[in-house]
>>> print(open('upload-v1.cif').read())   # mmCIF, C-alpha atoms
data_run
#
loop_
_atom_site.label_atom_id
_atom_site.label_comp_id
_atom_site.auth_asym_id
_atom_site.auth_seq_id
_atom_site.Cartn_x
_atom_site.Cartn_y
_atom_site.Cartn_z
CA MET A 200 -8.66 -3.95 -37.81
CA PRO A 201 -6.99 -6.62 -40.02
CA GLU A 202 -8.45 -10.10 -39.74
CA THR A 203 -5.21 -11.69 -38.62
CA VAL A 204 -5.99 -12.31 -34.97
CA LYS A 205 -4.02 -15.41 -34.02
CA GLN A 206 -5.59 -18.20 -32.05
CA ARG A 207 -3.30 -17.91 -29.07
CA PRO A 208 -3.60 -20.39 -26.23
CA LYS A 209 -4.90 -18.97 -22.98
CA TYR A 210 -3.33 -20.39 -19.86
CA LEU A 211 -6.02 -19.57 -17.42
CA ASN A 212 -5.69 -22.66 -15.26
CA LEU A 213 -4.30 -21.03 -12.13
CA VAL A 214 -3.22 -24.39 -10.72
CA GLU A 215 -1.11 -25.16 -13.78
CA ILE A 216 0.53 -21.76 -14.09
CA ARG A 217 4.13 -21.80 -12.89
CA LEU A 218 4.99 -18.17 -12.26
CA PRO A 219 8.66 -17.21 -12.12
CA LEU A 220 9.81 -15.61 -8.86
CA PRO A 221 9.41 -11.99 -10.07
CA GLY A 222 5.85 -12.93 -11.10
CA VAL A 223 5.13 -14.37 -7.66
CA THR A 224 6.41 -11.26 -5.85
CA SER A 225 4.52 -9.10 -8.32
CA ILE A 226 1.16 -10.74 -7.68
CA MET A 227 1.91 -10.57 -3.95
CA HIS A 228 2.44 -6.83 -4.42
CA ARG A 229 -1.01 -6.56 -5.94
CA ILE A 230 -2.71 -8.77 -3.34
CA SER A 231 -1.04 -6.95 -0.43
CA GLY A 232 -2.08 -3.61 -1.91
CA GLY A 233 -5.67 -4.78 -2.32
CA VAL A 234 -5.84 -6.18 1.22
CA LEU A 235 -4.36 -2.98 2.70
CA PHE A 236 -6.96 -0.99 0.75
CA LEU A 237 -9.81 -3.13 2.09
CA THR A 238 -8.57 -2.92 5.69
CA LEU A 239 -7.78 0.80 5.55
CA PRO A 240 -10.92 1.83 7.49
CA ILE A 241 -9.92 -0.55 10.31
CA LEU A 242 -6.40 0.89 10.37
CA VAL A 243 -7.70 4.48 10.42
CA TYR A 244 -10.03 3.48 13.28
CA LEU A 245 -7.08 2.04 15.26
CA PHE A 246 -5.13 5.24 14.53
CA GLN A 247 -8.07 7.24 15.87
CA LEU A 248 -8.18 5.15 19.05
CA SER A 249 -4.43 5.64 19.56
CA LEU A 250 -4.85 9.43 19.49
CA GLY A 251 -8.16 9.59 21.35
CA THR A 252 -9.02 9.78 25.04
CA PRO A 253 -7.10 7.60 27.55
CA GLN A 254 -10.18 5.37 27.59
CA GLU A 255 -9.97 4.87 23.82
CA PHE A 256 -6.28 4.12 24.20
CA GLU A 257 -7.17 1.34 26.64
CA THR A 258 -9.64 -0.02 24.07
CA LEU A 259 -6.84 -0.04 21.52
CA LYS A 260 -4.56 -1.90 23.94
CA ALA A 261 -7.28 -4.47 24.54
CA ILE A 262 -7.82 -4.97 20.79
CA VAL A 263 -4.11 -5.24 20.02
CA GLY A 264 -3.65 -7.57 23.01
CA ASN A 265 -6.04 -10.11 21.49
CA PRO A 266 -3.95 -12.91 19.90
CA ILE A 267 -6.14 -13.18 16.80
CA ALA A 268 -6.12 -9.41 16.26
CA LYS A 269 -2.37 -9.46 16.76
CA LEU A 270 -2.03 -12.15 14.11
CA ILE A 271 -4.18 -10.16 11.66
CA LEU A 272 -2.16 -6.99 12.34
CA LEU A 273 1.03 -8.94 11.78
CA ALA A 274 -0.27 -10.22 8.44
CA LEU A 275 -1.12 -6.64 7.48
CA MET A 276 2.37 -5.56 8.52
CA TRP A 277 3.84 -8.26 6.30
CA GLY A 278 1.64 -6.97 3.49
CA PHE A 279 2.85 -3.42 4.09
CA ILE A 280 6.54 -4.41 4.27
CA HIS A 281 6.27 -6.55 1.15
CA HIS A 282 4.46 -3.77 -0.70
CA PHE A 283 7.16 -1.33 0.49
CA CYS A 284 10.13 -3.48 -0.63
CA MET A 285 8.47 -4.41 -3.90
CA GLY A 286 7.65 -0.73 -4.49
CA ILE A 287 11.31 0.18 -4.17
CA ARG A 288 12.14 -2.60 -6.66
CA ILE A 289 9.59 -1.16 -9.10
CA LEU A 290 11.05 2.34 -8.69
CA LEU A 291 14.51 0.90 -9.40
CA ILE A 292 13.20 -0.78 -12.54
CA ASP A 293 11.70 2.58 -13.58
CA VAL A 294 15.18 4.08 -13.52
CA HIS A 295 16.49 1.05 -15.51
CA HIS A 296 18.04 -0.96 -12.70
CA CYS A 297 17.48 -4.71 -12.42
CA VAL A 298 15.84 -4.90 -15.84
CA GLU A 299 17.85 -7.88 -17.16
CA LEU A 300 16.37 -11.31 -16.45
CA GLN A 301 19.05 -12.40 -14.00
CA ALA A 302 19.01 -9.11 -12.10
CA ALA A 303 15.19 -9.11 -12.05
CA ARG A 304 15.18 -12.59 -10.48
CA GLN A 305 17.81 -11.64 -7.96
CA SER A 306 16.04 -8.45 -6.92
CA ALA A 307 12.78 -10.37 -6.48
CA MET A 308 14.70 -12.74 -4.21
CA VAL A 309 16.13 -9.76 -2.30
CA VAL A 310 12.58 -8.44 -1.75
CA LEU A 311 11.59 -11.73 -0.09
CA CYS A 312 14.86 -11.96 1.84
CA VAL A 313 14.23 -8.51 3.32
CA SER A 314 10.46 -8.47 3.82
CA ILE A 315 10.05 -11.86 5.51
CA PRO A 316 12.87 -11.50 8.11
CA VAL A 317 11.80 -7.93 8.94
CA THR A 318 8.25 -9.20 9.49
CA LEU A 319 9.56 -12.00 11.70
CA ILE A 320 11.62 -9.52 13.77
CA LEU A 321 8.50 -7.37 14.22
CA ALA A 322 6.55 -10.48 15.20
CA VAL A 323 9.08 -11.27 17.93
CA LYS A 324 8.97 -7.65 19.12
CA LEU A 325 5.16 -7.65 19.17
CA TRP A 326 4.92 -10.80 21.26
CA MET B 629 6.80 2.31 -30.29
CA VAL B 630 3.09 2.73 -29.88
CA LYS B 631 1.59 4.94 -32.55
CA ARG B 632 -1.42 6.82 -31.36
CA ILE B 633 -3.51 9.65 -32.61
CA VAL B 634 -3.29 12.54 -30.17
CA VAL B 635 -6.81 13.61 -29.33
CA GLY B 636 -6.13 15.38 -26.08
CA ALA B 637 -7.25 12.51 -23.87
CA GLY B 638 -5.25 11.37 -20.88
CA TYR B 639 -3.10 8.28 -21.38
CA GLY B 640 -2.47 7.56 -17.72
CA LEU B 641 1.02 9.08 -17.62
CA GLY B 642 -0.07 11.57 -14.97
CA ASP B 643 -1.48 8.82 -12.74
CA TRP B 644 1.60 6.69 -13.35
CA LEU B 645 3.78 9.56 -12.16
CA VAL B 646 1.57 10.33 -9.15
CA GLN B 647 1.77 6.64 -8.22
CA ARG B 648 5.59 6.93 -8.08
CA VAL B 649 5.75 10.28 -6.28
CA SER B 650 3.15 9.27 -3.69
CA ALA B 651 5.03 6.00 -3.17
CA LEU B 652 8.21 7.96 -2.42
CA VAL B 653 6.38 10.26 0.01
CA MET B 654 4.94 7.27 1.87
CA ALA B 655 8.26 5.42 1.89
CA VAL B 656 10.11 8.41 3.39
CA TYR B 657 7.35 9.01 5.94
CA SER B 658 7.26 5.33 6.96
CA LEU B 659 11.02 5.31 7.46
CA ILE B 660 10.89 8.49 9.57
CA LEU B 661 7.98 7.28 11.73
CA GLY B 662 9.41 3.75 11.97
CA GLY B 663 12.77 5.19 13.05
CA ILE B 664 11.16 7.39 15.72
CA LEU B 665 9.10 4.48 17.07
CA LEU B 666 12.18 2.26 17.11
CA VAL B 667 14.28 4.76 19.07
CA CYS B 668 11.58 6.03 21.44
CA THR B 669 10.19 2.74 22.62
CA PRO B 670 8.09 2.20 24.67
CA MET B 671 6.05 5.32 24.12
CA THR B 672 3.31 6.62 26.41
CA GLN B 673 0.07 7.84 24.87
CA HIS B 674 0.95 11.41 25.87
CA GLU B 675 4.31 11.23 24.04
CA TRP B 676 2.63 9.71 20.99
CA GLN B 677 0.01 12.45 20.95
CA SER B 678 2.50 15.29 21.30
CA LEU B 679 4.61 13.72 18.52
CA MET B 680 1.66 13.62 16.13
CA ALA B 681 0.47 17.11 17.19
CA GLY B 682 3.75 18.83 16.23
CA SER B 683 3.25 21.09 13.24
CA CYS B 684 6.08 19.53 11.20
CA MET B 685 4.77 16.01 11.89
CA ARG B 686 1.22 17.13 11.16
CA PHE B 687 2.35 18.50 7.79
CA LEU B 688 4.15 15.24 6.95
CA THR B 689 1.23 13.10 8.14
CA LEU B 690 -1.17 15.08 5.96
CA LEU B 691 1.11 14.49 2.96
CA PHE B 692 1.17 10.79 3.86
CA ILE B 693 -2.62 10.57 4.11
CA LEU B 694 -3.19 12.32 0.78
CA SER B 695 -0.47 10.25 -0.92
CA LEU B 696 -1.91 7.04 0.49
CA CYS B 697 -5.44 7.78 -0.71
CA TYR B 698 -4.39 8.83 -4.21
CA HIS B 699 -1.98 5.88 -4.46
CA ALA B 700 -4.67 3.45 -3.33
CA TRP B 701 -7.16 4.95 -5.78
CA VAL B 702 -4.80 4.47 -8.76
CA GLY B 703 -3.74 0.98 -7.65
CA VAL B 704 -7.21 -0.35 -6.91
CA ARG B 705 -8.61 1.24 -10.08
CA ASP B 706 -5.96 -0.72 -12.01
CA ILE B 707 -7.07 -3.92 -10.30
CA TRP B 708 -10.71 -3.30 -11.29
CA MET B 709 -9.65 -2.47 -14.86
CA ASP B 710 -7.72 -5.74 -15.10
CA TYR B 711 -10.33 -8.11 -13.67
CA VAL B 712 -13.77 -6.53 -13.98
CA ASN B 713 -15.16 -6.26 -17.50
CA PRO B 714 -18.89 -5.42 -17.25
CA ILE B 715 -18.97 -1.64 -17.56
CA GLY B 716 -21.74 -1.10 -14.99
CA VAL B 717 -20.01 -3.14 -12.29
CA ARG B 718 -16.70 -1.49 -13.07
CA LEU B 719 -18.17 1.99 -12.88
CA THR B 720 -19.80 1.17 -9.55
CA LEU B 721 -16.54 -0.22 -8.14
CA HIS B 722 -14.56 2.77 -9.42
CA SER B 723 -17.02 5.17 -7.80
CA LEU B 724 -17.06 3.30 -4.50
CA THR B 725 -13.25 3.19 -4.46
CA ALA B 726 -12.89 6.89 -5.16
CA LEU B 727 -15.58 7.89 -2.67
CA SER B 728 -14.22 5.68 0.11
CA MET B 729 -10.72 7.08 -0.44
CA ILE B 730 -12.01 10.65 -0.24
CA GLY B 731 -13.87 9.72 2.94
CA CYS B 732 -10.80 8.06 4.48
CA ALA B 733 -8.66 11.09 3.64
CA GLY B 734 -11.10 13.40 5.40
CA TRP B 735 -11.48 11.10 8.39
CA ALA B 736 -7.74 10.60 8.90
CA THR B 737 -7.03 14.32 8.44
CA GLN B 738 -9.65 15.17 11.05
CA ILE B 739 -7.97 12.75 13.50
CA ILE B 740 -4.64 14.59 13.34
CA TRP B 741 -6.19 18.07 13.11
CA ARG B 742 -8.21 17.97 16.29
CA LEU B 743 -5.16 17.11 18.42
#
>>> encode(input="upload-v1.cif", output="structure tokens")
Amino acid sequence: MPETVKQRPKYLNLVEIRLPLPGVTSIMHRISGGVLFLTLPILVYLFQLSLGTPQEFETLKAIVGNPIAKLILLALMWGFIHHFCMGIRILLIDVHHCVELQAARQSAMVVLCVSIPVTLILAVKLW
Amino acid sequence: MVKRIVVGAGYGLGDWLVQRVSALVMAVYSLILGGILLVCTPMTQHEWQSLMAGSCMRFLTLLFILSLCYHAWVGVRDIWMDYVNPIGVRLTLHSLTALSMIGCAGWATQIIWRL
């Protein structure tokens, strides 16, 4: 290892970091993925209730009917939809689409312009 | 280009590829299921159960479950590798992640298989 390691500044102050839009959507992709991972057991449990006895189905209805639970599920749905849209953007980048700076910014904008309205439509349908 | 000495170790290309393929499987499955739910709404529990019990749907759901668990394993492992440095903590988190994903895969598969 040559002794030429530069003293590079480290911008670790999260409050001062100004991420560009693709960076913001990217970290949201990671956060949504992590949250979906952590809540996976809950989602599998709800899936189990939905396919269980009629009694279990009633339990599921009661859980989903709770406003707070509904809000949490909606947040998870937003996470899923964002992760989905951002995933398609990443796949496009893998096949060399939207690689240029301008296109990358635009596609990040498209991700938000699709994921947020779709979530809102689902929210209206759920309520 | 990165110059590296080939020693036969994995460089993560396989996982990178699995991450993409599993993402595609899940995306297609979500679109199919979302489309069905959108068209056949509202659905009774009986209709929902017979939909999920169909052999074609069961096959697709199994693919979805396995894709999801492998995808989550690769993704969450990357998160640990980025933010957790102490080797002991990282190893513990990696193990817990892998084990919980294996457990979830078994659990979810059992839900659709007993229908």
>>> interface_residues(input="upload-v1.cif", of="chain A", to="chain B", cutoff="8 Å", atoms="all atoms listed in the file", output="number ranges by chain")
A: 229, 232-233, 236, 239-240, 243, 247, 249-250, 253, 256, 283, 286, 290
>>> closest_residue(input="upload-v1.cif", among="A:Gly251, A:Leu321, A:Ile267, A:Gly278", to="B:Trp741", atoms="only C-alpha atoms")
A:Gly251
>>> atom_distance(input="upload-v1.cif", atom1="atom CA of B:Gly642", atom2="atom CA of A:Asp293")
14.9 Å
>>> resolve_selection(input="upload-v1.cif", expression="the PyMOL selection byres ((chain A and resi 206-222) around 7)", output="PDB file with C-alpha atoms, keeping the file's coordinate frame")
ATOM      1  CA  VAL A 204      -5.990 -12.310 -34.970  1.00  0.00           C
ATOM      2  CA  LYS A 205      -4.020 -15.410 -34.020  1.00  0.00           C
ATOM      3  CA  VAL A 223       5.130 -14.370  -7.660  1.00  0.00           C
ATOM      4  CA  THR A 224       6.410 -11.260  -5.850  1.00  0.00           C
ATOM      5  CA  SER A 225       4.520  -9.100  -8.320  1.00  0.00           C
ATOM      6  CA  ILE A 226       1.160 -10.740  -7.680  1.00  0.00           C
ATOM      7  CA  ALA A 303      15.190  -9.110 -12.050  1.00  0.00           C
ATOM      8  CA  ARG A 304      15.180 -12.590 -10.480  1.00  0.00           C
ATOM      9  CA  ALA A 307      12.780 -10.370  -6.480  1.00  0.00           C
TER      10      ALA A 307
END
>>> atom_distance(input="upload-v1.cif", atom1="atom CA of B:Leu679", atom2="atom CA of A:Lys260")
18.9 Å
